[in-house]
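Undergrad: Quick one: this structure, given as structure tokens, is what I'll be asking you about.
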Amino acid sequence: MYSPFCECCWRKIEGFSLHKITTGKFHSDFWKYVDSLNSFGAYEGVLKEAIHCFKYGGIKRIGKQLGRLLSSITAPDVEILIPVPLHINKLRQRQFNQSAILAKECAKAWKIPLSLSILVKIKNTLDQASLDAKDRLNNVKMAYQVITLVKGLKIGLIDDVVTTGATLMECAKELKKAGAKEVHAITLARA
């Protein structure tokens, strides 16, 4: 298993695979839209610190290493990978989409096509990390839109962290409404 060092604290990032999770304390509709959830590890310790350096500290170069960690899990049976998109305002502020960087590494390692344009974020929402579980659901409601055909596709939806599942559920809901056959969530960490 690929285990890099965190570029913030230089400790080794250890992980474990939480493959094919089909239960969890998510919204009751989560599993109606998400067919499976695969995560590299728990959102704690060095992995959490590395994600914070990457996502909030703007240390973009950590993303490739974190993407390699994520790609070390078994690839799900999907036809295309799609990262959770950022709203254009957030993208301008952060200057990169952390989920897209992770997805690019997974696409290379798993030899699965990647699309950065099928799913877009049309609503500029508050940062999910600042909200409680109930508010997270309302925050992302109708925030995403599918703009390319996905009918019959098995999709791998990639994000950095899953906490309540609100973002993944909303994205998966839109993908299923647009005709996706299956949506398999893939995250670097699970809270």
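To be explicit about the labels: the chains of the structure tokens are called A, B, and onward in the order shown, and within each one the residues are counted from 1, while ligands get numbers from 1 in the order they are shown.
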Please list as a ChimeraX atom specification every residue within 9 Å of stretch 115-125 of chain A, counting only C-alpha atoms and excluding residues in the same chain fewer than 6 positions away.

TA: /A:80-90,100,139-150,171,174-175

Undergrad: Here is a test: counting only C-alpha atoms, which residue of A:Leu153, A:Val46, A:Ile158, A:Leu91 is nearest to A:Ala107?

TA: A:Ile158

Undergrad: For A:Lys48, work out the shell of residues within 10 Å, counting only C-alpha atoms and skipping chain neighbours fewer than 6 positions away, then give it as a list in words.

TA: Ile13, Gly41, Ala42, Phe54, Val161, Leu188, Ala189, Arg190 and Ala191 of chain A

Undergrad: I need the chosen residues saved as a PDB file, in the first residue's frame, with N, CA and C atoms.

TA:
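Saved file again-v9.pdb follows:
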ATOM      1  N   ILE A  13       1.624   8.701   6.647  1.00  0.00           N
ATOM      2  CA  ILE A  13       0.166   8.579   6.599  1.00  0.00           C
ATOM      3  C   ILE A  13      -0.179   7.111   6.455  1.00  0.00           C
ATOM      4  N   GLY A  41      -9.617   5.786   4.477  1.00  0.00           N
ATOM      5  CA  GLY A  41      -9.386   5.690   5.913  1.00  0.00           C
ATOM      6  C   GLY A  41     -10.265   6.628   6.712  1.00  0.00           C
ATOM      7  N   ALA A  42     -10.043   6.610   8.000  1.00  0.00           N
ATOM      8  CA  ALA A  42     -10.816   7.440   8.927  1.00  0.00           C
ATOM      9  C   ALA A  42     -10.294   8.877   8.900  1.00  0.00           C
ATOM     10  N   PHE A  54      -3.871  20.375   2.629  1.00  0.00           N
ATOM     11  CA  PHE A  54      -4.209  20.372   1.208  1.00  0.00           C
ATOM     12  C   PHE A  54      -5.382  21.308   0.920  1.00  0.00           C
ATOM     13  N   VAL A 161     -13.728  14.072   1.719  1.00  0.00           N
ATOM     14  CA  VAL A 161     -14.200  13.591   3.029  1.00  0.00           C
ATOM     15  C   VAL A 161     -15.717  13.423   2.997  1.00  0.00           C
ATOM     16  N   LEU A 188     -11.561   9.920   0.210  1.00  0.00           N
ATOM     17  CA  LEU A 188     -10.275   9.711   0.857  1.00  0.00           C
ATOM     18  C   LEU A 188     -10.491   9.356   2.331  1.00  0.00           C
ATOM     19  N   ALA A 189     -11.398  10.071   2.990  1.00  0.00           N
ATOM     20  CA  ALA A 189     -11.614   9.846   4.420  1.00  0.00           C
ATOM     21  C   ALA A 189     -13.094   9.841   4.757  1.00  0.00           C
ATOM     22  N   ARG A 190     -13.403   9.136   5.834  1.00  0.00           N
ATOM     23  CA  ARG A 190     -14.771   9.093   6.353  1.00  0.00           C
ATOM     24  C   ARG A 190     -14.739   9.484   7.822  1.00  0.00           C
ATOM     25  N   ALA A 191     -15.550  10.503   8.154  1.00  0.00           N
ATOM     26  CA  ALA A 191     -15.629  10.952   9.543  1.00  0.00           C
ATOM     27  C   ALA A 191     -16.436   9.976  10.372  1.00  0.00           C
TER      28      ALA A 191
END

Undergrad: List as a PDB file with C-alpha atoms, in the first residue's frame the protein and nucleic acid residues near stretch 182-187 of chain A, meaning an atom at most 8 Å away when only C-alpha atoms are counted, but skip any in the same chain fewer than 3 places from it.

TA:
ATOM      1  CA  TYR A  33     -29.054   7.372  -4.306  1.00  0.00           C
ATOM      2  CA  VAL A  34     -25.592   6.065  -3.360  1.00  0.00           C
ATOM      3  CA  ASP A  35     -25.001   2.406  -4.239  1.00  0.00           C
ATOM      4  CA  SER A  36     -21.796   2.022  -2.229  1.00  0.00           C
ATOM      5  CA  LEU A  37     -19.244   4.054  -0.324  1.00  0.00           C
ATOM      6  CA  ASN A  38     -15.534   3.264  -0.529  1.00  0.00           C
ATOM      7  CA  SER A  39     -13.104   5.213   1.673  1.00  0.00           C
ATOM      8  CA  PHE A  40      -9.358   4.993   2.189  1.00  0.00           C
ATOM      9  CA  LEU A  70      -7.069   6.890  -2.491  1.00  0.00           C
ATOM     10  CA  PRO A  76     -15.094   0.089  -7.886  1.00  0.00           C
ATOM     11  CA  VAL A  78     -17.607   1.955 -12.680  1.00  0.00           C
ATOM     12  CA  GLY A 152     -27.155   3.931 -18.037  1.00  0.00           C
ATOM     13  CA  LEU A 153     -23.682   4.792 -16.713  1.00  0.00           C
ATOM     14  CA  LYS A 154     -22.081   3.363 -13.579  1.00  0.00           C
ATOM     15  CA  ILE A 155     -20.416   6.392 -12.001  1.00  0.00           C
ATOM     16  CA  GLY A 156     -17.666   6.748  -9.411  1.00  0.00           C
ATOM     17  CA  LEU A 157     -18.276  10.004  -7.501  1.00  0.00           C
ATOM     18  CA  ILE A 158     -15.096  11.220  -5.781  1.00  0.00           C
ATOM     19  CA  ASP A 159     -14.810  13.569  -2.803  1.00  0.00           C
ATOM     20  CA  ASP A 160     -12.179  14.192  -0.152  1.00  0.00           C
ATOM     21  CA  VAL A 161     -14.200  13.591   3.029  1.00  0.00           C
ATOM     22  CA  VAL A 162     -17.653  12.220   3.837  1.00  0.00           C
ATOM     23  CA  LEU A 168     -22.570  12.984  -1.949  1.00  0.00           C
ATOM     24  CA  ALA A 172     -25.883  11.215  -6.569  1.00  0.00           C
ATOM     25  CA  LEU A 175     -26.926  11.901 -11.376  1.00  0.00           C
ATOM     26  CA  LYS A 176     -29.674   9.303 -10.843  1.00  0.00           C
ATOM     27  CA  ARG A 190     -14.771   9.093   6.353  1.00  0.00           C
TER      28      ARG A 190
END

Undergrad: In Å, rounded to a single decimal, give me how far atom CA of A:Lys104 is from atom CA of A:Lys60.

TA: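 Between atom CA of A:Lys60 and atom CA of A:Lys104 the gap is 13.4 Å.
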
Undergrad: Taking the chain letters and numbering used in this document, name the residues of chain A that DSSP puts in helix (DSSP H, G or I), as a PyMOL selection string.

TA: chain A and resi 30-33+45-55+62-71+88-94+98-110+128-130+133-140+166-177

Undergrad: Counting only C-alpha atoms, which of A:Ala178, A:Ala103, A:Ala166, A:Ala129 gets nearest to A:Asp29?

TA: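 Using only C-alpha atoms, A:Asp29 sits closest to A:Ala166.
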
Undergrad: Would you mind telling me which residue in A:Arg68, A:His27, A:His52, A:Lys181 lies nearest to A:Thr167 when using only C-alpha atoms?

TA: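 That would be A:His27, the residue with the smallest distance to A:Thr167.
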
Undergrad: What parts of stretch 58-170 of chain A does DSSP call strand (DSSP E)? I'd like the answer as a VMD selection string.

TA: chain A and resid 80 to 83 119 to 121 144 to 146 154 to 162

Undergrad: Please report the interatomic distance between atom CA of A:Thr74 and atom CA of A:Gln128 in Å with one decimal.

TA: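 Atom-to-atom, atom CA of A:Thr74 to atom CA of A:Gln128, that is 27.9 Å.
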